[in-house]
$ cat start.cif   # mmCIF, C-alpha atoms (C1' of nucleotides)
data_work
#
loop_
_atom_site.label_atom_id
_atom_site.label_comp_id
_atom_site.auth_asym_id
_atom_site.auth_seq_id
_atom_site.Cartn_x
_atom_site.Cartn_y
_atom_site.Cartn_z
CA MET A 1 -50.49 -60.46 111.84
CA GLU A 2 -48.12 -62.61 113.85
CA ALA A 3 -44.42 -62.00 114.52
CA VAL A 4 -41.48 -63.23 112.42
CA PRO A 5 -40.77 -66.95 113.03
CA GLU A 6 -43.36 -68.75 110.96
CA HIS A 7 -42.12 -72.24 111.76
CA GLU A 8 -41.46 -73.90 115.02
CA ILE A 9 -39.63 -77.21 114.89
CA THR A 10 -41.93 -80.04 113.87
CA MET A 11 -41.58 -83.61 115.07
CA LYS A 12 -40.33 -84.60 111.66
CA THR A 13 -37.55 -82.04 111.44
CA GLN A 14 -36.71 -82.75 115.07
CA ARG A 15 -36.02 -86.35 114.11
CA LYS A 16 -33.96 -85.21 111.13
CA TYR A 17 -31.69 -83.25 113.43
CA GLU A 18 -31.43 -86.13 115.87
CA ALA A 19 -30.31 -88.44 113.06
CA ARG A 20 -27.66 -85.95 112.01
CA VAL A 21 -26.49 -85.49 115.58
CA LEU A 22 -25.96 -89.23 115.99
CA VAL A 23 -23.53 -89.17 113.08
CA VAL A 24 -21.80 -85.96 114.11
CA LYS A 25 -21.48 -86.99 117.75
CA ALA A 26 -19.76 -90.17 116.65
CA MET A 27 -16.90 -88.03 115.39
CA ALA A 28 -16.91 -85.63 118.31
CA HIS A 29 -14.04 -87.23 120.20
CA THR A 30 -10.30 -87.07 119.54
CA THR A 31 -9.82 -90.83 119.63
CA ARG A 32 -12.73 -91.52 117.29
CA MET A 33 -11.58 -88.76 114.99
CA PHE A 34 -8.19 -90.44 114.83
CA ILE A 35 -9.70 -93.85 114.18
CA VAL A 36 -11.75 -92.56 111.24
CA ASP A 37 -8.71 -90.80 109.82
CA GLU A 38 -6.51 -93.85 110.28
CA LEU A 39 -9.04 -96.17 108.64
CA SER A 40 -9.30 -93.83 105.67
CA ARG A 41 -5.53 -94.08 105.33
CA ALA A 42 -4.88 -97.71 106.09
CA GLY A 43 -8.04 -99.28 104.69
CA GLU A 44 -8.55 -101.49 107.73
CA ARG A 45 -7.16 -102.04 111.19
CA CYS A 46 -7.70 -104.54 113.97
CA VAL A 47 -8.65 -103.40 117.46
CA CYS A 48 -5.25 -104.27 118.90
CA ASP A 49 -3.36 -102.08 116.40
CA LEU A 50 -5.68 -99.14 116.98
CA THR A 51 -5.27 -99.64 120.72
CA GLU A 52 -1.50 -99.53 120.45
CA MET A 53 -1.62 -96.37 118.37
CA VAL A 54 -4.07 -94.56 120.59
CA GLY A 55 -2.54 -95.64 123.88
CA VAL A 56 -5.62 -96.17 126.04
CA ASP A 57 -7.23 -99.31 127.44
CA ILE A 58 -8.46 -101.76 124.80
CA SER A 59 -11.93 -101.81 126.34
CA THR A 60 -12.11 -98.06 125.79
CA VAL A 61 -11.12 -98.42 122.14
CA SER A 62 -13.68 -101.17 121.70
CA LYS A 63 -16.40 -98.88 123.03
CA HIS A 64 -15.33 -96.08 120.71
CA LEU A 65 -15.55 -98.50 117.79
CA THR A 66 -19.05 -99.49 118.86
CA ILE A 67 -20.13 -95.84 118.80
CA LEU A 68 -18.71 -95.37 115.28
CA LYS A 69 -20.38 -98.58 114.14
CA ASN A 70 -23.77 -97.60 115.57
CA ALA A 71 -23.54 -94.33 113.68
CA GLY A 72 -22.97 -96.33 110.51
CA LEU A 73 -19.52 -94.94 109.84
CA ILE A 74 -17.55 -98.18 110.07
CA ASP A 75 -18.00 -101.91 109.57
CA ASP A 76 -16.29 -104.88 111.15
CA GLU A 77 -15.25 -108.33 110.10
CA LYS A 78 -13.78 -111.10 112.19
CA ARG A 79 -10.84 -113.01 110.73
CA GLY A 80 -8.93 -115.48 112.88
CA ASN A 81 -9.32 -114.16 116.37
CA GLN A 82 -8.95 -110.54 115.41
CA VAL A 83 -11.70 -108.10 114.46
CA PHE A 84 -10.92 -105.74 111.60
CA TYR A 85 -12.68 -102.44 111.18
CA ARG A 86 -12.98 -100.49 107.96
CA LEU A 87 -14.43 -97.13 106.97
CA LYS A 88 -17.86 -97.50 105.41
CA VAL A 89 -18.27 -93.91 104.31
CA PRO A 90 -15.54 -92.41 102.12
CA CYS A 91 -17.25 -89.01 101.82
CA ILE A 92 -16.45 -88.43 105.44
CA MET A 93 -13.06 -87.24 104.23
CA ASP A 94 -14.63 -84.46 102.14
CA PHE A 95 -16.32 -83.44 105.30
CA PHE A 96 -12.98 -83.07 107.01
CA ARG A 97 -11.80 -80.88 104.17
CA CYS A 98 -14.71 -78.62 105.08
CA VAL A 99 -13.83 -78.74 108.76
CA GLU A 100 -10.21 -77.94 107.98
CA SER A 101 -11.27 -74.87 106.04
CA VAL A 102 -13.27 -73.72 109.04
CA ILE A 103 -10.18 -74.14 111.20
CA GLU A 104 -8.13 -72.25 108.59
CA CYS A 105 -10.73 -69.48 108.66
CA ASN A 106 -10.58 -69.30 112.41
CA ALA A 107 -6.80 -69.01 112.32
CA THR A 108 -6.60 -66.33 109.63
CA GLY A 109 -9.66 -64.47 110.84
CA CYS A 110 -11.34 -64.31 107.43
CA LYS A 111 -14.91 -63.04 107.43
CA THR A 112 -16.58 -65.66 105.25
CA CYS A 113 -14.97 -68.96 104.58
CA SER A 114 -14.70 -69.87 100.89
CA CYS A 115 -14.41 -73.60 101.60
CA LYS A 116 -12.15 -74.58 98.70
CA MET B 1 11.46 -106.00 112.84
CA GLU B 2 8.69 -104.39 114.87
CA ALA B 3 4.96 -105.08 114.69
CA VAL B 4 2.50 -103.35 112.35
CA PRO B 5 1.57 -99.87 113.62
CA GLU B 6 4.52 -97.67 112.67
CA HIS B 7 3.05 -94.43 113.98
CA GLU B 8 1.67 -93.54 117.34
CA ILE B 9 -0.15 -90.23 117.59
CA THR B 10 2.26 -87.30 117.77
CA MET B 11 1.56 -84.10 119.68
CA LYS B 12 1.04 -82.30 116.40
CA THR B 13 -1.58 -84.68 115.00
CA GLN B 14 -3.18 -84.80 118.44
CA ARG B 15 -3.72 -81.06 118.21
CA LYS B 16 -5.08 -81.43 114.68
CA TYR B 17 -7.75 -83.80 115.94
CA GLU B 18 -8.59 -81.56 118.86
CA ALA B 19 -9.15 -78.64 116.49
CA ARG B 20 -11.46 -80.76 114.38
CA VAL B 21 -13.33 -82.00 117.41
CA LEU B 22 -14.01 -78.43 118.54
CA VAL B 23 -15.78 -77.77 115.26
CA VAL B 24 -17.60 -81.09 115.15
CA LYS B 25 -18.71 -80.90 118.77
CA ALA B 26 -20.24 -77.50 118.09
CA MET B 27 -22.71 -79.23 115.80
CA ALA B 28 -23.26 -82.25 118.02
CA HIS B 29 -26.51 -81.08 119.58
CA THR B 30 -30.03 -80.98 118.15
CA THR B 31 -30.59 -77.33 119.01
CA ARG B 32 -27.29 -76.18 117.54
CA MET B 33 -27.87 -78.32 114.47
CA PHE B 34 -31.21 -76.57 114.03
CA ILE B 35 -29.67 -73.13 114.48
CA VAL B 36 -27.02 -73.76 111.82
CA ASP B 37 -29.66 -75.08 109.44
CA GLU B 38 -31.98 -72.16 110.12
CA LEU B 39 -29.23 -69.59 109.61
CA SER B 40 -28.30 -71.19 106.30
CA ARG B 41 -31.94 -70.78 105.25
CA ALA B 42 -32.81 -67.40 106.66
CA GLY B 43 -29.46 -65.64 106.36
CA GLU B 44 -29.66 -64.20 109.85
CA ARG B 45 -31.74 -64.43 112.98
CA CYS B 46 -31.85 -62.66 116.31
CA VAL B 47 -31.61 -64.58 119.57
CA CYS B 48 -35.25 -63.98 120.42
CA ASP B 49 -36.55 -65.49 117.17
CA LEU B 50 -34.32 -68.53 117.52
CA THR B 51 -35.49 -68.89 121.11
CA GLU B 52 -39.14 -68.85 120.06
CA MET B 53 -38.50 -71.48 117.38
CA VAL B 54 -36.51 -73.79 119.61
CA GLY B 55 -38.71 -73.44 122.66
CA VAL B 56 -36.16 -73.48 125.48
CA ASP B 57 -34.95 -70.77 127.83
CA ILE B 58 -33.27 -67.81 126.12
CA SER B 59 -30.20 -68.20 128.32
CA THR B 60 -29.80 -71.73 126.99
CA VAL B 61 -30.03 -70.54 123.39
CA SER B 62 -27.51 -67.83 124.12
CA LYS B 63 -25.07 -70.42 125.44
CA HIS B 64 -25.56 -72.59 122.37
CA LEU B 65 -24.82 -69.57 120.19
CA THR B 66 -21.63 -68.93 122.16
CA ILE B 67 -20.47 -72.48 121.49
CA LEU B 68 -21.11 -72.11 117.74
CA LYS B 69 -19.33 -68.77 117.73
CA ASN B 70 -16.30 -70.13 119.58
CA ALA B 71 -16.04 -72.87 116.99
CA GLY B 72 -15.98 -70.19 114.31
CA LEU B 73 -19.18 -71.30 112.64
CA ILE B 74 -21.25 -68.17 113.19
CA ASP B 75 -20.81 -64.42 113.65
CA ASP B 76 -22.89 -61.86 115.49
CA GLU B 77 -23.80 -58.21 115.02
CA LYS B 78 -25.74 -55.98 117.36
CA ARG B 79 -28.37 -53.69 115.81
CA GLY B 80 -30.73 -51.76 118.04
CA ASN B 81 -31.03 -53.88 121.11
CA GLN B 82 -31.09 -57.16 119.29
CA VAL B 83 -28.14 -59.37 118.40
CA PHE B 84 -28.27 -61.01 114.98
CA TYR B 85 -26.36 -64.16 114.20
CA ARG B 86 -25.35 -65.31 110.75
CA LEU B 87 -23.63 -68.41 109.36
CA LYS B 88 -19.97 -67.77 108.66
CA VAL B 89 -19.24 -71.05 106.89
CA PRO B 90 -21.42 -71.94 103.90
CA CYS B 91 -19.59 -75.22 103.18
CA ILE B 92 -21.13 -76.59 106.33
CA MET B 93 -24.17 -77.36 104.19
CA ASP B 94 -22.12 -79.63 101.89
CA PHE B 95 -21.08 -81.40 105.00
CA PHE B 96 -24.70 -82.08 105.86
CA ARG B 97 -25.22 -83.52 102.41
CA CYS B 98 -22.52 -86.01 103.36
CA VAL B 99 -24.13 -86.71 106.71
CA GLU B 100 -27.50 -87.21 105.03
CA SER B 101 -25.99 -89.80 102.71
CA VAL B 102 -24.63 -91.65 105.73
CA ILE B 103 -28.12 -91.64 107.24
CA GLU B 104 -29.54 -92.83 103.91
CA CYS B 105 -26.96 -95.62 103.87
CA ASN B 106 -27.87 -96.64 107.39
CA ALA B 107 -31.54 -96.80 106.45
CA THR B 108 -31.11 -98.80 103.25
CA GLY B 109 -28.32 -100.97 104.62
CA CYS B 110 -25.97 -100.40 101.69
CA LYS B 111 -22.44 -101.71 102.16
CA THR B 112 -20.41 -98.73 101.00
CA CYS B 113 -21.90 -95.31 100.77
CA SER B 114 -21.41 -93.59 97.40
CA CYS B 115 -21.95 -90.11 98.84
CA LYS B 116 -23.53 -88.42 95.84
"C1'" DT C 1 -32.48 -39.54 134.43
"C1'" DT C 2 -35.41 -43.75 134.94
"C1'" DT C 3 -37.51 -47.61 132.74
"C1'" DC C 4 -37.94 -51.24 129.47
"C1'" DT C 5 -36.19 -54.88 126.36
"C1'" DA C 6 -32.80 -58.11 124.63
"C1'" DT C 7 -29.05 -60.65 125.75
"C1'" DT C 8 -25.33 -62.63 128.51
"C1'" DT C 9 -23.29 -64.61 132.66
"C1'" DG C 10 -23.10 -67.18 137.19
"C1'" DG C 11 -24.75 -70.79 139.97
"C1'" DC C 12 -26.76 -74.97 140.64
"C1'" DT C 13 -28.60 -79.62 139.54
"C1'" DA C 14 -29.54 -83.50 136.56
"C1'" DA C 15 -28.17 -86.20 132.80
"C1'" DG C 16 -24.67 -87.95 129.70
"C1'" DA C 17 -20.00 -89.36 128.31
"C1'" DT C 18 -15.40 -91.43 129.20
"C1'" DA C 19 -11.98 -94.04 131.42
"C1'" DC C 20 -10.28 -97.89 133.95
"C1'" DC C 21 -10.56 -102.57 135.90
"C1'" DA C 22 -12.49 -107.04 136.12
"C1'" DA C 23 -15.26 -110.55 134.24
"C1'" DA C 24 -17.47 -112.75 130.21
"C1'" DT C 25 -17.25 -114.43 125.45
"C1'" DA C 26 -15.57 -116.48 121.14
"C1'" DG C 27 -12.71 -118.77 118.66
"C1'" DA C 28 -7.76 -120.53 117.59
"C1'" DA C 29 -4.10 -123.35 119.05
"C1'" DA C 30 -2.29 -127.10 121.65
"C1'" DT D 1 -10.56 -131.09 125.97
"C1'" DT D 2 -7.87 -127.29 128.01
"C1'" DT D 3 -5.43 -123.11 127.27
"C1'" DC D 4 -4.34 -118.82 125.13
"C1'" DT D 5 -5.44 -114.52 122.69
"C1'" DA D 6 -8.44 -110.86 121.04
"C1'" DT D 7 -12.36 -108.56 121.93
"C1'" DT D 8 -16.63 -107.15 124.24
"C1'" DT D 9 -19.51 -106.14 128.23
"C1'" DG D 10 -20.65 -104.69 133.10
"C1'" DG D 11 -19.66 -101.80 136.88
"C1'" DT D 12 -18.18 -97.71 138.89
"C1'" DA D 13 -15.88 -93.14 139.57
"C1'" DT D 14 -15.11 -88.89 137.39
"C1'" DC D 15 -15.68 -85.20 134.22
"C1'" DT D 16 -18.54 -82.62 130.97
"C1'" DT D 17 -22.71 -80.80 129.16
"C1'" DA D 18 -27.34 -78.84 129.20
"C1'" DG D 19 -31.01 -76.93 131.37
"C1'" DC D 20 -33.36 -73.52 134.36
"C1'" DC D 21 -33.54 -69.51 137.38
"C1'" DA D 22 -31.81 -65.27 138.97
"C1'" DA D 23 -28.78 -61.48 138.51
"C1'" DA D 24 -25.86 -58.51 135.61
"C1'" DT D 25 -25.19 -55.76 131.40
"C1'" DA D 26 -26.05 -52.78 127.44
"C1'" DG D 27 -28.47 -49.93 125.01
"C1'" DA D 28 -33.16 -47.92 123.42
"C1'" DA D 29 -37.15 -45.48 124.71
"C1'" DA D 30 -39.58 -42.38 127.68
#

$ encode --input "start.cif" --output "structure tokens"
Amino acid sequence: MEAVPEHEITMKTQRKYEARVLVVKAMAHTTRMFIVDELSRAGERCVCDLTEMVGVDISTVSKHLTILKNAGLIDDEKRGNQVFYRLKVPCIMDFFRCVESVIECNATGCKTCSCK
Amino acid sequence: MEAVPEHEITMKTQRKYEARVLVVKAMAHTTRMFIVDELSRAGERCVCDLTEMVGVDISTVSKHLTILKNAGLIDDEKRGNQVFYRLKVPCIMDFFRCVESVIECNATGCKTCSCK
DNA sequence: TTTCTATTTGGCTAAGATACCAAATAGAAA
DNA sequence: TTTCTATTTGGTATCTTAGCCAAATAGAAA
């Protein structure tokens, strides 16, 4: 009989993980994390407001927004000559609750996080 | 009166986002995503089994495990001359449910994800 | 003790991500 | 139409990440 691991990664599951990673990576940057948080709070924001809040070049903010949009996390709408972005995925905030409980765990040193 | 954005990012919120990003980044790689998923399924795995499943160099897997451990997502225990890793944070699986619904949304093109 | 096995660490290279500036675009205002 | 404003896109330099190999470590087996 063969050794323990009965399944290697198939092409199908490989693609599943890649799809997940696209979404997760979109949030794996401080600025983008802020943008998602801010949009969940404010409902919508134009690029110029986000730029002022974040304090980096507007072209940089624009590129961050593109990454979030490609991941399907936000949507945009042009009104006048401003572009407004809004959060497309409210459950992302539940996710942060989970992340926060991980951080809490790390700080307190608890063995298994209860994730309340 | 001043323009719209009343808050720039403070040092404190900046650190909050950095803490989140550490956790999110830990999952932002196909191999690490697989490892987390596999540990949630199997309970625990040694480095050698994970290595066989993933199919990259064992030193690479070891480094991925270090990243997950530093983020507080997994724990390790040495028994005999193997090291076993286990998932420390069960709620991470709820999080994937959220991510999956984003992916679902992206595929179907729905406007606002309901995140069931 | 020496040897073997599992894992980690250091070093290096290749690929990817991020930031800025400058130039292009799109549409509103004049 | 021309001009102005908001945003996006292209280019480039810099930093980070991921991979492999080789060497170090730790402990089990002989």

$ atom_distance --input "start.cif" --atom1 "atom CA of Leu39 of chain A" --atom2 "atom CA of His64 of chain A"
13.6 Å

$ residues_around --input "start.cif" --residues "Gly55 of chain B" --least-positions-apart "4" --cutoff "10 Å" --atoms "only C-alpha atoms (C1' of nucleotides)" --output "list in words"
Glu8 and Ile9 of chain A; Thr31, Asp49, Leu50, Thr51 and Val61 of chain B

$ residues_around --input "start.cif" --residues "DG27 of chain D" --least-positions-apart "3" --cutoff "10 Å" --atoms "only C-alpha atoms (C1' of nucleotides)" --output "list in words"
Arg79, Gly80, Asn81 and Gln82 of chain B; DT5 and DA6 of chain C

$ resolve_selection --input "start.cif" --expression "the PyMOL selection byres ((chain A and resi 28) around 12)" --output "number ranges by chain"
A: 21-27, 29-36, 64, 67-68, 71; B: 17-29; C: 17

$ write_last_selection --input "start.cif" --atoms "C-alpha atoms (C1' of nucleotides)" --output "PDB file, in the coordinates of the input"
ATOM      1  CA  VAL A  21     -26.490 -85.490 115.580  1.00  0.00           C
ATOM      2  CA  LEU A  22     -25.960 -89.230 115.990  1.00  0.00           C
ATOM      3  CA  VAL A  23     -23.530 -89.170 113.080  1.00  0.00           C
ATOM      4  CA  VAL A  24     -21.800 -85.960 114.110  1.00  0.00           C
ATOM      5  CA  LYS A  25     -21.480 -86.990 117.750  1.00  0.00           C
ATOM      6  CA  ALA A  26     -19.760 -90.170 116.650  1.00  0.00           C
ATOM      7  CA  MET A  27     -16.900 -88.030 115.390  1.00  0.00           C
ATOM      8  CA  HIS A  29     -14.040 -87.230 120.200  1.00  0.00           C
ATOM      9  CA  THR A  30     -10.300 -87.070 119.540  1.00  0.00           C
ATOM     10  CA  THR A  31      -9.820 -90.830 119.630  1.00  0.00           C
ATOM     11  CA  ARG A  32     -12.730 -91.520 117.290  1.00  0.00           C
ATOM     12  CA  MET A  33     -11.580 -88.760 114.990  1.00  0.00           C
ATOM     13  CA  PHE A  34      -8.190 -90.440 114.830  1.00  0.00           C
ATOM     14  CA  ILE A  35      -9.700 -93.850 114.180  1.00  0.00           C
ATOM     15  CA  VAL A  36     -11.750 -92.560 111.240  1.00  0.00           C
ATOM     16  CA  HIS A  64     -15.330 -96.080 120.710  1.00  0.00           C
ATOM     17  CA  ILE A  67     -20.130 -95.840 118.800  1.00  0.00           C
ATOM     18  CA  LEU A  68     -18.710 -95.370 115.280  1.00  0.00           C
ATOM     19  CA  ALA A  71     -23.540 -94.330 113.680  1.00  0.00           C
TER      20      ALA A  71
ATOM     21  CA  TYR B  17      -7.750 -83.800 115.940  1.00  0.00           C
ATOM     22  CA  GLU B  18      -8.590 -81.560 118.860  1.00  0.00           C
ATOM     23  CA  ALA B  19      -9.150 -78.640 116.490  1.00  0.00           C
ATOM     24  CA  ARG B  20     -11.460 -80.760 114.380  1.00  0.00           C
ATOM     25  CA  VAL B  21     -13.330 -82.000 117.410  1.00  0.00           C
ATOM     26  CA  LEU B  22     -14.010 -78.430 118.540  1.00  0.00           C
ATOM     27  CA  VAL B  23     -15.780 -77.770 115.260  1.00  0.00           C
ATOM     28  CA  VAL B  24     -17.600 -81.090 115.150  1.00  0.00           C
ATOM     29  CA  LYS B  25     -18.710 -80.900 118.770  1.00  0.00           C
ATOM     30  CA  ALA B  26     -20.240 -77.500 118.090  1.00  0.00           C
ATOM     31  CA  MET B  27     -22.710 -79.230 115.800  1.00  0.00           C
ATOM     32  CA  ALA B  28     -23.260 -82.250 118.020  1.00  0.00           C
ATOM     33  CA  HIS B  29     -26.510 -81.080 119.580  1.00  0.00           C
TER      34      HIS B  29
ATOM     35  C1'  DA C  17     -20.000 -89.360 128.310  1.00  0.00           C
TER      36       DA C  17
END

$ closest_atom_pairs --input "start.cif" --of "chain C" --to "chain B" --cutoff "12 Å" --atoms "only C-alpha atoms (C1' of nucleotides)" --output "CSV"
residue,atom,partner,partner_atom,distance
C:DC4,C1',B:Asn81,CA,11.2
C:DT5,C1',B:Asn81,CA,7.4
C:DA6,C1',B:Gln82,CA,5.7
C:DT7,C1',B:Val83,CA,7.5
C:DT8,C1',B:Ser62,CA,7.1
C:DT9,C1',B:Ser59,CA,8.9
C:DG10,C1',B:Ser59,CA,11.4

$ resolve_selection --input "start.cif" --expression "the PyMOL selection byres ((chain D) within 9 of (chain B))" --output "number ranges by chain"
D: 18-20, 26-28

$ atom_distance --input "start.cif" --atom1 "atom CA of Asp76 of chain B" --atom2 "atom CA of Val89 of chain B"
13.1 Å

$ atom_distance --input "start.cif" --atom1 "atom CA of Leu87 of chain A" --atom2 "atom CA of Leu73 of chain A"
6.2 Å

$ resolve_selection --input "start.cif" --expression "the PyMOL selection byres ((chain D and resi 12-14) around 9)" --output "compact mmCIF listing (two decimals) with C-alpha atoms (C1' of nucleotides), in the coordinates of the input"
# COMPACT_ATOMS: atom_id res chain seq x y z
C1' DT C 18 -15.40 -91.43 129.20
C1' DA C 19 -11.98 -94.04 131.42
C1' DG D 11 -19.66 -101.80 136.88
C1' DC D 15 -15.68 -85.20 134.22

$ axis_aligned_box --input "start.cif" --around "segment 15-26 of chain C" --padding-each-side "4 Å" --output "AutoDock Vina command-line options"
--center_x -19.2 --center_y -101.3 --center_z 128.6 --size_x 25.9 --size_y 38.3 --size_z 23.0

$ closest_residue --input "start.cif" --among "B:Arg45, B:Phe96, B:Ser40, B:Met53" --to "chain A" --atoms "all atoms listed in the file"
B:Met53

$ closest_residue --input "start.cif" --among "B:Met93, B:Ile103, B:Lys78, B:Met11" --to "Glu38 of chain B" --atoms "only C-alpha atoms"
B:Met93

$ closest_residue --input "start.cif" --among "B:Tyr85, B:Glu77, B:Gly43, B:Val54" --to "chain A" --atoms "all atoms listed in the file"
B:Val54

$ decode --input "start.cif" --residues "segment 14-28 of chain C" --atoms "N, CA and C atoms (P, O5', C5', C4', C3', O3' and C1' of nucleotides)" --output "tab-separated table (two decimals), in the first residue's frame"
chain	number	residue	atom	x	y	z
C	14	DA	P	18.72	34.82	-13.16
C	14	DA	O5'	17.15	34.71	-12.99
C	14	DA	C5'	16.56	33.42	-12.76
C	14	DA	C4'	15.07	33.61	-12.61
C	14	DA	C3'	14.45	34.56	-13.62
C	14	DA	O3'	13.20	34.02	-14.02
C	14	DA	C1'	14.08	35.38	-11.43
C	15	DA	P	12.22	34.81	-15.02
C	15	DA	O5'	11.05	35.28	-14.06
C	15	DA	C5'	10.42	34.34	-13.20
C	15	DA	C4'	9.44	35.05	-12.30
C	15	DA	C3'	8.48	35.98	-13.05
C	15	DA	O3'	7.17	35.73	-12.56
C	15	DA	C1'	9.59	37.15	-11.30
C	16	DG	P	5.90	36.56	-13.07
C	16	DG	O5'	5.69	37.52	-11.82
C	16	DG	C5'	5.44	36.97	-10.53
C	16	DG	C4'	5.16	38.07	-9.54
C	16	DG	C3'	4.11	39.09	-10.02
C	16	DG	O3'	3.16	39.23	-8.98
C	16	DG	C1'	6.13	40.19	-9.38
C	17	DA	P	2.02	40.31	-9.01
C	17	DA	O5'	2.66	41.46	-8.12
C	17	DA	C5'	3.02	41.19	-6.79
C	17	DA	C4'	3.34	42.50	-6.07
C	17	DA	C3'	2.30	43.60	-6.25
C	17	DA	O3'	2.15	44.25	-5.00
C	17	DA	C1'	4.40	44.35	-7.05
C	18	DT	P	1.17	45.49	-4.82
C	18	DT	O5'	2.21	46.70	-4.94
C	18	DT	C5'	3.13	46.91	-3.88
C	18	DT	C4'	3.79	48.25	-4.05
C	18	DT	C3'	2.81	49.40	-4.29
C	18	DT	O3'	3.13	50.44	-3.39
C	18	DT	C1'	4.50	49.36	-5.96
C	19	DA	P	2.23	51.71	-3.22
C	19	DA	O5'	3.13	52.88	-3.83
C	19	DA	C5'	4.39	53.17	-3.21
C	19	DA	C4'	5.20	54.05	-4.13
C	19	DA	C3'	4.39	55.20	-4.69
C	19	DA	O3'	4.83	56.46	-4.18
C	19	DA	C1'	5.59	54.05	-6.41
C	20	DC	P	3.97	57.78	-4.45
C	20	DC	O5'	4.82	58.44	-5.62
C	20	DC	C5'	6.20	58.75	-5.43
C	20	DC	C4'	6.83	59.01	-6.79
C	20	DC	C3'	6.13	60.13	-7.55
C	20	DC	O3'	6.97	61.28	-7.62
C	20	DC	C1'	6.43	58.18	-8.93
C	21	DC	P	6.36	62.68	-8.15
C	21	DC	O5'	6.65	62.58	-9.72
C	21	DC	C5'	7.98	62.30	-10.17
C	21	DC	C4'	7.95	62.11	-11.69
C	21	DC	C3'	7.21	63.23	-12.43
C	21	DC	O3'	8.04	63.72	-13.48
C	21	DC	C1'	6.37	61.11	-13.07
C	22	DA	P	7.54	64.99	-14.35
C	22	DA	O5'	7.03	64.31	-15.70
C	22	DA	C5'	7.79	63.23	-16.27
C	22	DA	C4'	7.04	62.71	-17.50
C	22	DA	C3'	6.33	63.80	-18.29
C	22	DA	O3'	6.40	63.47	-19.67
C	22	DA	C1'	4.76	62.22	-17.54
C	23	DA	P	5.78	64.44	-20.81
C	23	DA	O5'	4.64	63.54	-21.45
C	23	DA	C5'	4.96	62.19	-21.81
C	23	DA	C4'	3.68	61.48	-22.19
C	23	DA	C3'	2.76	62.29	-23.10
C	23	DA	O3'	2.23	61.42	-24.08
C	23	DA	C1'	1.59	61.65	-21.17
C	24	DA	P	1.12	61.92	-25.16
C	24	DA	O5'	-0.18	61.13	-24.69
C	24	DA	C5'	-0.16	59.70	-24.70
C	24	DA	C4'	-1.52	59.20	-24.24
C	24	DA	C3'	-2.69	59.72	-25.07
C	24	DA	O3'	-3.57	58.63	-25.31
C	24	DA	C1'	-3.03	60.26	-22.81
C	25	DT	P	-4.83	58.84	-26.33
C	25	DT	O5'	-6.07	59.00	-25.33
C	25	DT	C5'	-6.32	57.98	-24.37
C	25	DT	C4'	-7.45	58.42	-23.46
C	25	DT	C3'	-8.65	59.01	-24.20
C	25	DT	O3'	-9.78	58.25	-23.87
C	25	DT	C1'	-8.06	60.32	-22.34
C	26	DA	P	-11.19	58.34	-24.67
C	26	DA	O5'	-12.25	58.48	-23.50
C	26	DA	C5'	-11.83	58.63	-22.15
C	26	DA	C4'	-12.87	59.49	-21.45
C	26	DA	C3'	-13.95	60.04	-22.38
C	26	DA	O3'	-15.18	60.03	-21.69
C	26	DA	C1'	-12.79	61.83	-21.38
C	27	DG	P	-16.61	60.32	-22.43
C	27	DG	O5'	-17.18	61.53	-21.59
C	27	DG	C5'	-17.05	61.51	-20.17
C	27	DG	C4'	-16.93	62.93	-19.69
C	27	DG	C3'	-18.03	63.85	-20.26
C	27	DG	O3'	-18.64	64.48	-19.17
C	27	DG	C1'	-15.91	64.83	-20.44
C	28	DA	P	-19.95	65.36	-19.24
C	28	DA	O5'	-19.49	66.68	-18.50
C	28	DA	C5'	-18.89	66.57	-17.20
C	28	DA	C4'	-18.40	67.93	-16.77
C	28	DA	C3'	-19.42	69.05	-16.96
C	28	DA	O3'	-19.31	69.93	-15.84
C	28	DA	C1'	-17.48	69.48	-18.29
